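**Q** For reference, the file query.cif (mmCIF, C-alpha atoms) is included below:
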```
data_final
#
loop_
_atom_site.label_atom_id
_atom_site.label_comp_id
_atom_site.auth_asym_id
_atom_site.auth_seq_id
_atom_site.Cartn_x
_atom_site.Cartn_y
_atom_site.Cartn_z
CA MET A 1 19.42 28.18 -16.48
CA THR A 2 19.29 31.95 -16.25
CA ILE A 3 17.93 32.67 -12.78
CA GLU A 4 18.10 36.11 -11.24
CA TYR A 5 17.48 36.85 -7.56
CA LEU A 6 15.83 40.26 -7.25
CA LYS A 7 15.82 39.70 -3.48
CA ARG A 8 17.62 37.15 -1.30
CA GLY A 9 16.98 36.00 2.25
CA LYS A 10 19.33 35.31 5.12
CA PRO A 11 22.39 33.30 4.00
CA ALA A 12 22.37 29.54 4.62
CA ASP A 13 25.28 29.70 7.08
CA GLU A 14 23.40 32.17 9.29
CA ARG A 15 20.31 29.95 9.24
CA ALA A 16 22.50 26.97 10.20
CA GLU A 17 23.90 28.94 13.14
CA ASP A 18 20.37 29.67 14.34
CA ASP A 19 19.51 25.97 14.04
CA ALA A 20 22.57 24.96 16.09
CA LYS A 21 21.57 27.28 18.93
CA THR A 22 18.05 25.86 18.89
CA ARG A 23 19.38 22.28 19.00
CA ALA A 24 21.44 22.95 22.11
CA VAL A 25 18.55 24.57 23.99
CA VAL A 26 16.17 21.74 23.12
CA GLU A 27 18.61 18.99 24.09
CA ALA A 28 19.19 20.50 27.52
CA THR A 29 15.49 21.10 28.09
CA LEU A 30 14.44 17.56 27.16
CA SER A 31 17.11 16.13 29.47
CA ASP A 32 15.73 18.27 32.30
CA ILE A 33 12.18 17.05 31.67
CA GLU A 34 13.36 13.44 31.67
CA ALA A 35 15.25 13.94 34.94
CA ARG A 36 12.71 16.02 36.88
CA GLY A 37 9.34 15.39 35.25
CA ASP A 38 6.48 17.60 36.40
CA ALA A 39 8.76 19.95 38.33
CA ALA A 40 10.73 20.78 35.18
CA VAL A 41 7.55 21.18 33.13
CA ARG A 42 6.10 23.60 35.68
CA GLU A 43 9.28 25.70 35.81
CA LEU A 44 9.34 25.93 32.01
CA SER A 45 5.67 26.91 31.84
CA GLU A 46 6.22 29.61 34.46
CA LYS A 47 9.33 30.89 32.70
CA PHE A 48 8.03 31.03 29.13
CA ASP A 49 4.27 31.42 29.57
CA GLY A 50 3.90 32.88 33.06
CA TYR A 51 1.38 30.11 33.70
CA SER A 52 1.25 27.82 36.73
CA PRO A 53 -2.26 26.44 37.49
CA ALA A 54 -2.99 23.77 40.07
CA SER A 55 -3.34 21.30 37.21
CA TYR A 56 -2.35 21.71 33.56
CA ARG A 57 -5.01 19.21 32.56
CA LEU A 58 -8.47 20.67 31.99
CA SER A 59 -11.45 18.98 33.61
CA GLU A 60 -14.77 18.45 31.84
CA ALA A 61 -16.14 21.40 33.84
CA ASP A 62 -13.20 23.58 32.76
CA ILE A 63 -13.83 22.69 29.12
CA ALA A 64 -17.55 23.40 29.35
CA ALA A 65 -16.93 26.78 30.98
CA LEU A 66 -14.43 27.80 28.31
CA MET A 67 -16.73 26.73 25.47
CA ALA A 68 -19.54 28.76 27.06
CA GLU A 69 -17.44 31.88 26.44
CA LEU A 70 -17.83 31.45 22.67
CA SER A 71 -20.71 32.90 20.70
CA ASP A 72 -23.04 30.68 18.69
CA ARG A 73 -21.45 32.04 15.51
CA GLU A 74 -17.95 31.19 16.68
CA LEU A 75 -18.94 27.66 17.62
CA ALA A 76 -20.77 27.19 14.32
CA ASP A 77 -17.70 28.36 12.37
CA ILE A 78 -15.43 25.99 14.28
CA LYS A 79 -17.81 23.11 13.64
CA PHE A 80 -18.09 23.96 9.94
CA ALA A 81 -14.31 23.94 9.48
CA GLN A 82 -13.95 20.73 11.45
CA GLU A 83 -16.65 19.06 9.36
CA GLN A 84 -14.68 19.84 6.17
CA VAL A 85 -11.49 18.37 7.62
CA VAL A 86 -13.30 15.27 8.89
CA LYS A 87 -15.08 14.79 5.57
CA PHE A 88 -11.83 14.73 3.60
CA ALA A 89 -10.02 12.64 6.24
CA GLN A 90 -12.83 10.08 6.16
CA ALA A 91 -12.62 9.88 2.36
CA GLN A 92 -8.88 9.26 2.69
CA ARG A 93 -9.46 6.61 5.36
CA ASP A 94 -12.02 4.87 3.15
CA SER A 95 -9.37 4.61 0.42
CA MET A 96 -7.07 2.59 2.71
CA LEU A 97 -8.21 -1.00 2.57
CA ASP A 98 -7.18 -4.06 4.52
CA ILE A 99 -6.22 -6.76 2.02
CA GLU A 100 -5.89 -10.54 1.97
CA VAL A 101 -4.76 -12.44 -1.12
CA GLU A 102 -3.87 -16.02 -1.98
CA THR A 103 -0.55 -15.59 -3.78
CA LEU A 104 0.01 -19.34 -4.25
CA PRO A 105 -2.33 -22.25 -3.55
CA GLY A 106 -2.61 -22.45 0.24
CA VAL A 107 -0.49 -19.31 0.87
CA ILE A 108 -2.44 -16.36 2.29
CA LEU A 109 -0.84 -12.90 2.68
CA GLY A 110 -2.51 -9.79 4.00
CA HIS A 111 -2.22 -6.52 5.80
CA LYS A 112 -4.28 -4.65 8.36
CA ASN A 113 -4.36 -0.91 8.99
CA ILE A 114 -4.20 -0.48 12.77
CA PRO A 115 -4.43 2.91 14.52
CA VAL A 116 -1.50 4.16 16.57
CA GLN A 117 -2.64 3.51 20.15
CA SER A 118 -1.83 6.93 21.66
CA VAL A 119 -1.06 10.26 20.02
CA GLY A 120 0.06 13.61 21.39
CA CYS A 121 -1.30 16.51 19.35
CA TYR A 122 0.48 19.84 19.70
CA VAL A 123 -1.59 22.90 18.81
CA PRO A 124 0.48 26.13 18.65
CA GLY A 125 -0.96 29.25 20.18
CA GLY A 126 1.58 31.51 21.82
CA LYS A 127 1.42 34.32 19.24
CA PHE A 128 -1.85 33.35 17.53
CA PRO A 129 -4.40 30.81 18.82
CA MET A 130 -4.20 28.12 16.13
CA VAL A 131 -7.76 26.86 16.27
CA ALA A 132 -7.45 25.09 12.93
CA SER A 133 -4.48 23.00 14.07
CA ALA A 134 -6.78 21.16 16.45
CA HIS A 135 -8.91 19.99 13.52
CA MET A 136 -5.86 18.90 11.59
CA SER A 137 -4.39 16.74 14.34
CA VAL A 138 -7.09 15.85 16.88
CA ALA A 139 -10.05 15.40 14.53
CA THR A 140 -7.96 13.52 11.96
CA ALA A 141 -6.61 11.17 14.66
CA SER A 142 -10.19 10.60 15.75
CA VAL A 143 -11.20 9.62 12.20
CA ALA A 144 -8.30 7.15 12.20
CA GLY A 145 -9.66 5.55 15.38
CA VAL A 146 -6.80 6.41 17.74
CA PRO A 147 -8.01 5.25 21.19
CA ARG A 148 -6.07 7.83 23.26
CA ILE A 149 -5.67 11.36 21.93
CA VAL A 150 -3.78 13.84 24.11
CA ALA A 151 -3.84 17.52 23.12
CA CYS A 152 -1.57 20.32 24.34
CA THR A 153 -1.74 24.03 23.62
CA PRO A 154 -0.07 26.98 25.34
CA PRO A 155 -2.03 29.55 27.31
CA TRP A 156 -3.06 32.61 25.35
CA GLN A 157 -3.01 35.95 27.15
CA GLY A 158 -2.57 34.13 30.44
CA LYS A 159 -5.38 31.57 30.17
CA PRO A 160 -6.63 28.71 28.01
CA ASN A 161 -7.97 29.92 24.68
CA PRO A 162 -11.68 29.01 24.50
CA ALA A 163 -11.77 28.53 20.73
CA VAL A 164 -8.74 26.21 20.67
CA ILE A 165 -10.07 24.19 23.60
CA ALA A 166 -13.48 23.91 21.92
CA ALA A 167 -11.87 22.64 18.71
CA MET A 168 -9.81 20.08 20.64
CA HIS A 169 -12.84 18.86 22.58
CA LEU A 170 -15.15 18.72 19.56
CA GLY A 171 -12.42 16.98 17.59
CA GLY A 172 -12.32 14.12 20.07
CA ALA A 173 -9.39 14.77 22.44
CA HIS A 174 -9.45 12.51 25.49
CA GLU A 175 -6.99 14.60 27.55
CA ILE A 176 -6.39 18.34 27.16
CA TYR A 177 -3.42 20.09 28.77
CA VAL A 178 -2.65 23.81 28.71
CA LEU A 179 1.07 23.50 28.00
CA GLY A 180 3.22 24.98 25.27
CA GLY A 181 6.59 24.65 23.64
CA ILE A 182 9.30 22.12 24.40
CA GLN A 183 7.69 21.34 27.75
CA ALA A 184 4.49 20.18 26.03
CA VAL A 185 6.00 17.86 23.45
CA GLY A 186 8.63 16.69 25.94
CA ALA A 187 6.03 15.81 28.56
CA MET A 188 3.85 13.97 26.04
CA ALA A 189 6.73 11.95 24.60
CA ILE A 190 8.82 11.29 27.70
CA GLY A 191 6.02 11.23 30.25
CA THR A 192 5.92 12.71 33.75
CA GLU A 193 4.37 11.75 37.07
CA THR A 194 0.99 13.04 35.83
CA ILE A 195 1.17 12.58 32.05
CA GLU A 196 1.42 9.09 30.58
CA PRO A 197 3.71 9.07 27.53
CA VAL A 198 2.27 8.68 24.03
CA HIS A 199 3.42 6.59 21.09
CA MET A 200 3.44 9.41 18.54
CA LEU A 201 3.69 13.23 18.35
CA VAL A 202 1.98 15.31 15.68
CA GLY A 203 1.33 18.96 14.92
CA PRO A 204 3.21 22.06 13.80
CA GLY A 205 5.12 24.47 16.00
CA ASN A 206 7.93 26.97 16.18
CA ALA A 207 11.58 26.11 15.62
CA PHE A 208 11.94 24.79 19.19
CA VAL A 209 8.92 22.50 18.92
CA ALA A 210 10.09 21.19 15.55
CA GLU A 211 13.57 20.50 16.92
CA ALA A 212 12.13 18.80 20.01
CA LYS A 213 10.13 16.46 17.78
CA ARG A 214 13.26 15.73 15.76
CA GLN A 215 15.24 14.82 18.87
CA LEU A 216 12.39 12.71 20.26
CA TYR A 217 11.92 10.76 17.03
CA GLY A 218 12.71 7.12 17.66
CA ARG A 219 11.49 7.23 21.24
CA VAL A 220 8.15 8.12 19.68
CA GLY A 221 6.91 8.41 16.15
CA ILE A 222 6.32 11.80 14.61
CA ASP A 223 4.20 12.96 11.73
CA LEU A 224 6.88 15.02 9.97
CA PHE A 225 9.22 17.93 10.53
CA ALA A 226 6.80 20.84 10.57
CA GLY A 227 8.68 23.94 11.61
CA PRO A 228 8.09 27.61 10.83
CA THR A 229 5.70 28.30 7.97
CA GLU A 230 7.06 28.51 4.42
CA THR A 231 5.21 29.85 1.42
CA MET A 232 5.95 30.13 -2.28
CA VAL A 233 4.03 31.91 -4.99
CA ILE A 234 4.57 30.70 -8.55
CA ALA A 235 3.08 33.32 -10.82
CA ASP A 236 3.18 34.75 -14.32
CA ASP A 237 1.65 37.87 -15.83
CA THR A 238 -1.89 36.48 -15.59
CA VAL A 239 -2.01 37.95 -12.07
CA ASP A 240 -0.92 41.21 -10.47
CA GLY A 241 1.50 42.30 -7.78
CA GLU A 242 -1.16 43.02 -5.18
CA LEU A 243 -2.39 39.43 -5.24
CA CYS A 244 1.14 38.01 -5.01
CA ALA A 245 2.18 40.39 -2.24
CA THR A 246 -0.95 39.59 -0.24
CA ASP A 247 -0.32 35.86 -0.48
CA LEU A 248 3.35 36.21 0.50
CA LEU A 249 2.75 38.46 3.50
CA GLY A 250 -0.31 36.48 4.58
CA GLN A 251 2.04 33.66 5.56
CA ALA A 252 5.03 35.78 6.58
CA GLU A 253 2.99 37.06 9.54
CA HIS A 254 3.21 33.61 11.20
CA GLY A 255 6.57 34.34 12.80
CA TYR A 256 9.90 36.09 12.47
CA ASN A 257 11.48 33.29 10.44
CA SER A 258 8.84 32.31 7.89
CA PRO A 259 10.32 32.09 4.37
CA ALA A 260 8.20 33.64 1.60
CA VAL A 261 9.36 33.23 -2.00
CA LEU A 262 8.07 34.54 -5.32
CA VAL A 263 9.07 32.55 -8.41
CA THR A 264 8.09 34.23 -11.66
CA ASN A 265 9.01 34.65 -15.30
CA SER A 266 7.73 38.24 -15.37
CA ARG A 267 10.08 41.04 -14.34
CA LYS A 268 7.13 43.43 -14.34
CA LEU A 269 5.22 41.23 -11.87
CA ALA A 270 8.31 40.82 -9.68
CA GLU A 271 8.84 44.56 -9.41
CA GLU A 272 5.13 45.21 -8.85
CA THR A 273 5.10 42.62 -6.06
CA LEU A 274 8.10 44.19 -4.33
CA SER A 275 6.39 47.56 -4.49
CA GLU A 276 3.09 46.17 -3.19
CA ILE A 277 4.85 44.44 -0.30
CA ASP A 278 6.32 47.77 0.77
CA ARG A 279 2.87 49.36 0.59
CA ILE A 280 1.04 46.60 2.46
CA LEU A 281 3.63 46.57 5.22
CA THR A 282 2.64 50.16 6.03
CA ILE A 283 -0.98 49.12 6.75
CA LEU A 284 -0.82 45.47 7.87
CA PRO A 285 -1.56 45.20 11.63
CA THR A 286 0.89 42.28 11.90
CA ALA A 287 3.57 44.11 9.94
CA ASP A 288 6.20 43.94 12.68
CA THR A 289 6.31 40.16 12.36
CA ALA A 290 5.75 39.94 8.62
CA ARG A 291 8.40 42.59 7.89
CA THR A 292 11.11 40.69 9.75
CA SER A 293 10.27 37.45 7.95
CA TRP A 294 10.22 39.20 4.61
CA GLU A 295 13.44 41.12 5.16
CA GLU A 296 15.38 38.12 6.46
CA TYR A 297 13.75 35.19 4.65
CA GLY A 298 11.90 36.66 1.66
CA GLU A 299 13.11 36.00 -1.88
CA VAL A 300 12.10 37.01 -5.39
CA ILE A 301 13.43 34.72 -8.11
CA LEU A 302 13.13 35.68 -11.77
CA CYS A 303 13.27 32.82 -14.29
CA ASP A 304 13.35 32.69 -18.08
CA SER A 305 10.81 29.90 -18.57
CA TYR A 306 8.15 27.76 -16.96
CA ASP A 307 10.56 24.82 -16.93
CA GLU A 308 13.01 26.92 -14.91
CA MET A 309 10.22 27.96 -12.54
CA LEU A 310 9.33 24.30 -12.03
CA ALA A 311 12.96 23.32 -11.38
CA VAL A 312 13.47 26.13 -8.87
CA ALA A 313 10.20 25.30 -7.08
CA ASP A 314 11.03 21.60 -6.79
CA ASP A 315 14.50 22.43 -5.47
CA ILE A 316 13.13 24.73 -2.74
CA ALA A 317 10.35 22.22 -1.89
CA SER A 318 8.29 24.82 -0.04
CA GLU A 319 5.57 23.93 2.43
CA HIS A 320 2.79 25.93 0.73
CA VAL A 321 2.91 26.53 -3.01
CA GLN A 322 0.39 28.95 -4.52
CA VAL A 323 0.30 28.52 -8.32
CA MET A 324 -1.26 31.34 -10.37
CA THR A 325 -0.31 30.91 -14.03
CA ASP A 326 -1.80 30.16 -17.41
CA ARG A 327 -0.93 26.47 -16.84
CA ASP A 328 -1.77 25.60 -13.24
CA ASP A 329 -2.60 21.96 -14.04
CA TRP A 330 0.80 21.59 -15.74
CA PHE A 331 2.44 22.40 -12.42
CA LEU A 332 0.11 19.95 -10.66
CA GLU A 333 1.13 17.25 -13.13
CA ASN A 334 4.86 17.97 -13.00
CA MET A 335 5.75 19.23 -9.52
CA THR A 336 7.17 16.52 -7.26
CA CYS A 337 8.49 18.25 -4.10
CA TYR A 338 6.19 20.42 -1.97
CA GLY A 339 3.87 20.34 1.02
CA ALA A 340 0.57 21.26 -0.61
CA LEU A 341 -0.47 22.99 -3.82
CA PHE A 342 -3.02 25.80 -4.05
CA LEU A 343 -4.01 26.04 -7.67
CA GLY A 344 -5.41 29.17 -9.29
CA ALA A 345 -6.04 32.72 -8.19
CA ARG A 346 -9.40 31.80 -6.63
CA THR A 347 -7.83 29.67 -3.90
CA ASN A 348 -5.20 30.59 -1.34
CA VAL A 349 -3.13 29.16 1.48
CA ALA A 350 -5.38 30.64 4.17
CA ASN A 351 -8.26 28.50 2.86
CA GLY A 352 -6.10 25.44 3.32
CA ASP A 353 -4.91 26.59 6.72
CA LYS A 354 -8.35 27.19 8.17
CA VAL A 355 -11.36 25.71 6.46
CA ILE A 356 -11.28 24.01 3.06
CA GLY A 357 -10.61 20.52 4.41
CA THR A 358 -7.09 19.50 3.42
CA ASN A 359 -4.62 19.14 6.28
CA HIS A 360 -2.42 22.16 7.03
CA THR A 361 0.33 20.33 8.91
CA LEU A 362 2.86 20.12 6.11
CA PRO A 363 6.58 19.37 5.56
CA THR A 364 9.09 22.22 5.85
CA LYS A 365 12.85 22.60 5.38
CA LYS A 366 12.80 20.56 2.15
CA ALA A 367 11.11 17.56 3.82
CA GLY A 368 8.60 17.67 0.96
CA ARG A 369 11.24 15.79 -1.03
CA TYR A 370 10.49 12.61 0.93
CA THR A 371 7.15 13.02 2.70
CA GLY A 372 3.75 14.55 2.29
CA GLY A 373 1.80 16.27 5.03
CA LEU A 374 -0.20 15.00 7.98
CA TRP A 375 -3.22 12.96 6.93
CA VAL A 376 -5.35 10.18 8.35
CA GLY A 377 -2.87 7.57 7.09
CA LYS A 378 -0.15 8.93 9.36
CA PHE A 379 -2.15 7.69 12.34
CA LEU A 380 -2.41 4.18 10.90
CA LYS A 381 0.22 1.45 10.90
CA THR A 382 0.02 -1.06 8.07
CA HIS A 383 0.93 -4.47 9.47
CA SER A 384 1.34 -7.58 7.34
CA TYR A 385 0.50 -11.18 8.20
CA GLN A 386 0.77 -14.58 6.55
CA LYS A 387 -0.92 -17.97 6.76
CA VAL A 388 0.03 -21.30 5.16
CA LEU A 389 -3.06 -23.49 4.97
CA THR A 390 -1.95 -26.76 3.33
CA ASP A 391 0.80 -29.34 3.74
CA GLU A 392 1.68 -28.94 0.08
CA ALA A 393 2.16 -25.15 0.43
CA ALA A 394 4.22 -25.55 3.62
CA THR A 395 6.49 -28.05 1.86
CA MET A 396 6.95 -26.09 -1.35
CA ILE A 397 7.60 -22.72 0.33
CA GLY A 398 9.76 -24.45 2.95
CA GLU A 399 12.00 -25.98 0.31
CA TYR A 400 12.60 -22.63 -1.38
CA GLY A 401 13.10 -20.96 1.99
CA SER A 402 15.59 -23.61 3.14
CA ARG A 403 17.78 -23.27 0.07
CA LEU A 404 17.70 -19.48 0.13
CA CYS A 405 18.65 -19.41 3.82
CA MET A 406 21.62 -21.72 3.15
CA LEU A 407 22.64 -19.47 0.26
CA GLU A 408 23.10 -16.71 2.83
CA GLY A 409 24.70 -18.97 5.43
CA PHE A 410 21.80 -18.88 7.89
CA VAL A 411 21.64 -22.51 9.00
CA GLY A 412 19.27 -21.84 11.90
CA HIS A 413 16.93 -20.02 9.55
CA ALA A 414 17.09 -22.98 7.15
CA GLU A 415 16.10 -25.37 9.93
CA GLN A 416 12.90 -23.37 10.53
CA CYS A 417 12.01 -24.26 6.96
CA ASN A 418 13.43 -27.80 7.03
CA ILE A 419 11.39 -28.94 10.02
CA ARG A 420 8.21 -28.02 8.11
CA VAL A 421 9.46 -29.83 5.00
CA ARG A 422 10.09 -32.94 7.09
CA ARG A 423 6.81 -32.79 9.02
CA TYR A 424 4.39 -31.70 6.33
CA GLY A 425 6.06 -33.07 3.22
CA GLY A 426 7.69 -36.24 4.44
CA VAL A 427 10.97 -35.15 2.81
CA ASN A 428 14.13 -36.23 4.65
CA VAL A 429 16.33 -33.15 4.89
CA PRO A 430 19.54 -33.80 6.89
CA TYR A 431 20.01 -31.35 9.77
CA GLY A 432 22.13 -28.37 8.74
CA GLU A 433 21.63 -28.84 5.00
CA GLY A 434 19.37 -27.13 2.51
CA ALA A 435 16.29 -28.87 1.17
CA PRO A 436 16.80 -30.72 -2.13
CA HIS A 437 15.20 -29.49 -5.30
CA ARG A 438 11.77 -30.99 -5.79
CA GLU A 439 12.92 -32.90 -8.88
CA ALA A 440 15.78 -34.49 -6.92
CA ALA A 441 13.49 -35.41 -4.05
CA GLU A 442 11.13 -37.20 -6.40
#
```
How would this structure read if it were set down as C-alpha cells?
**A**
Amino acid sequence: MTIEYLKRGKPADERAEDDAKTRAVVEATLSDIEARGDAAVRELSEKFDGYSPASYRLSEADIAALMAELSDRELADIKFAQEQVVKFAQAQRDSMLDIEVETLPGVILGHKNIPVQSVGCYVPGGKFPMVASAHMSVATASVAGVPRIVACTPPWQGKPNPAVIAAMHLGGAHEIYVLGGIQAVGAMAIGTETIEPVHMLVGPGNAFVAEAKRQLYGRVGIDLFAGPTETMVIADDTVDGELCATDLLGQAEHGYNSPAVLVTNSRKLAEETLSEIDRILTILPTADTARTSWEEYGEVILCDSYDEMLAVADDIASEHVQVMTDRDDWFLENMTCYGALFLGARTNVANGDKVIGTNHTLPTKKAGRYTGGLWVGKFLKTHSYQKVLTDEAATMIGEYGSRLCMLEGFVGHAEQCNIRVRRYGGVNVPYGEGAPHREAAE
C-alpha cells in the first residue's frame, strides 16, 4: 500500500494517556455513588451542573409545563423525527420472529424474544441538547416492549431542556430524571435511595459517560461503547472540497475530541478540503469546538486506489462513514467495519443523527469491528427452550446424551440422561455407566 497522511491527529500514546485519566476519575466516582447514594449524586450534580432541585425526577406536571414552552412547530418536528425512528424500529422488530421447530420426532426446540425488563436511557445535553438521542433510546426501547424505561439528561442552561423532555415523554419514558454525566449512569445502574437500578444502560455520551458504562458492564448490560463522535468521509473527485469539509466539521463540532477523517484517492480533493476547512472555521459559530477536534483528531489520508481506501476505512472502523464516490454501492457491499454508512452526496450524517429514522447511537473506538449500533434488537433477549414429547424421543436423545457425558467424564450429567432412558425406554443402564448403543440394547 502507498498511503500518505496529509494531516495526522493526536498520537495514540497521548490518546491512551487521556483515557487512563478518565478511567481513574470514573472509578472513584462510581465507588462514591455506590457508597453514598443520593448524597453523592447530589454533590456531583451541584459540582458539574450547578443544579440541585428538590427532586431530580420530573413529575407529570413538570413535564406538561416544560412541553408547554415549545411551539407547535417544534413539537411537530419532534414528533415527525420520532415517527421515522419508530417506523424503522418497528420494521426491525417485525423481522425478529419467535421460532419453534421439531428437529427430531418428538423433540421441540424454540426461542422467544423477551424485552429487557428495565432500561436506563442516557440522553446527552450539557453542550447541546440532544433531542434526537431520546428517540434513539427511549422510543426504540418502547417499540421493543421494555416495561420500565428510565431516562436521564443533564440540565441545559440551568434547567431541564423542554425539547429533550418532550422527546423522552413522547417516546414512552416512565421515569425522567434531570441528571447528567457519571452521576446519571451510575445512579441508574447502581441504584440509590430514590432510584431503583435498571438491568441495562443505553445511549451515547462523552468520554466519562462511555467509560462509566464500560466499568458498569457486567453489573448491567450496555448497548455498546458509544463515546465521542467519530466521522469519516470516503470521497473521490466526483465531489468537491466544500462538501467534504462541511461533512467533516459538521461532526467535529460535537466536542473537543471528535475524530474526523478524510480518506480519498484524489490529492486535488484532499488539498481543496484542507483549504475549505480553514475557510469554514472562520465563519462557523461552533468553530472553537470544531477547530480543537480538527487540529487534534483530524486526519487526511491519501490512497492510491479504491481497494486501499476500503482497507484503510475498515481498519479505522469509524462510527459514521459518509461515502461519496463513483461506486458507493461497492463500498456498501464490501465494507465490514463501521457504525453506519451514509451513501451518496445527497445524504449526510446529520440526517441520520436527527431525522431519517436509522439509530444514531453507534459504535466508536473501533467497536464497529464486533458490533453494530443500537437498534430494537438490543432491547430484546433471545431465550431458547426445549420440550421432549414422547418416550421414544426421551430414550433416543437420552442414550446419546449419556454416552457423550461419559466421554467428558461427567457421571452426574450422564445420570440425568440415564434415569430418563430407564424410565421412558425400559433400558437397564447401570448407575455410573453410559447408555449402551441402541443396537447392543436390542
**Q** I want to know what sits within 9 Å of Ile280 in chain A, based on all atoms listed in the file, with residues of the same chain fewer than 6 positions away left out; could you give that as a ChimeraX atom specification?
**A** /A:242,245-246,249,287
**Q** Excluding range 49-52 of chain A and its own-chain neighbours fewer than 3 positions away, which residues fall within 10 Å of it when counting only C-alpha atoms? Please give them as number ranges by chain.
**A** A: 41-46, 55-56, 126, 154-160, 178-181
**Q** Running the PyMOL selection byres ((chain A and resi 106) around 12) on this model by hand, what would come out? Give it as a list in words.
**A**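 Output of the PyMOL selection byres ((chain A and resi 106) around 12): Val101, Glu102, Thr103, Leu104, Pro105, Val107, Ile108, Leu109, Gln386, Lys387, Val388, Leu389, Thr390, Asp391, Glu392, Ala393, Ala394, Thr395, Met396 and Ile397 of chain A.
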**Q** For Lys365 in chain A, which of A:Gly352, A:Gly401, A:Pro53, A:Gly339 is the closest residue, counting all atoms listed in the file?
**A**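 Using all atoms listed in the file, the shortest distance to Lys365 in chain A belongs to A:Gly339.
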**Q** Step by step: start from the point (15.6, 19.2, 28.4) in the file's coordinates, keep every protein, DNA or RNA residue that has an atom no farther than 12 Å from it, count all atoms listed in the file, and write the set as a PyMOL selection string.
**A** chain A and resi 22-37+40-41+43-44+181-187+190+208+211-212+215-216
**Q** Can I get the selected residues back with C-alpha atoms, as an mmCIF file, keeping the file's coordinate frame?
**A**
```cif
data_model
loop_
_atom_site.group_PDB
_atom_site.id
_atom_site.type_symbol
_atom_site.label_atom_id
_atom_site.label_comp_id
_atom_site.auth_asym_id
_atom_site.auth_seq_id
_atom_site.Cartn_x
_atom_site.Cartn_y
_atom_site.Cartn_z
ATOM 1 C CA THR A 22 18.050 25.860 18.890
ATOM 2 C CA ARG A 23 19.380 22.280 19.000
ATOM 3 C CA ALA A 24 21.440 22.950 22.110
ATOM 4 C CA VAL A 25 18.550 24.570 23.990
ATOM 5 C CA VAL A 26 16.170 21.740 23.120
ATOM 6 C CA GLU A 27 18.610 18.990 24.090
ATOM 7 C CA ALA A 28 19.190 20.500 27.520
ATOM 8 C CA THR A 29 15.490 21.100 28.090
ATOM 9 C CA LEU A 30 14.440 17.560 27.160
ATOM 10 C CA SER A 31 17.110 16.130 29.470
ATOM 11 C CA ASP A 32 15.730 18.270 32.300
ATOM 12 C CA ILE A 33 12.180 17.050 31.670
ATOM 13 C CA GLU A 34 13.360 13.440 31.670
ATOM 14 C CA ALA A 35 15.250 13.940 34.940
ATOM 15 C CA ARG A 36 12.710 16.020 36.880
ATOM 16 C CA GLY A 37 9.340 15.390 35.250
ATOM 17 C CA ALA A 40 10.730 20.780 35.180
ATOM 18 C CA VAL A 41 7.550 21.180 33.130
ATOM 19 C CA GLU A 43 9.280 25.700 35.810
ATOM 20 C CA LEU A 44 9.340 25.930 32.010
ATOM 21 C CA GLY A 181 6.590 24.650 23.640
ATOM 22 C CA ILE A 182 9.300 22.120 24.400
ATOM 23 C CA GLN A 183 7.690 21.340 27.750
ATOM 24 C CA ALA A 184 4.490 20.180 26.030
ATOM 25 C CA VAL A 185 6.000 17.860 23.450
ATOM 26 C CA GLY A 186 8.630 16.690 25.940
ATOM 27 C CA ALA A 187 6.030 15.810 28.560
ATOM 28 C CA ILE A 190 8.820 11.290 27.700
ATOM 29 C CA PHE A 208 11.940 24.790 19.190
ATOM 30 C CA GLU A 211 13.570 20.500 16.920
ATOM 31 C CA ALA A 212 12.130 18.800 20.010
ATOM 32 C CA GLN A 215 15.240 14.820 18.870
ATOM 33 C CA LEU A 216 12.390 12.710 20.260
#
```
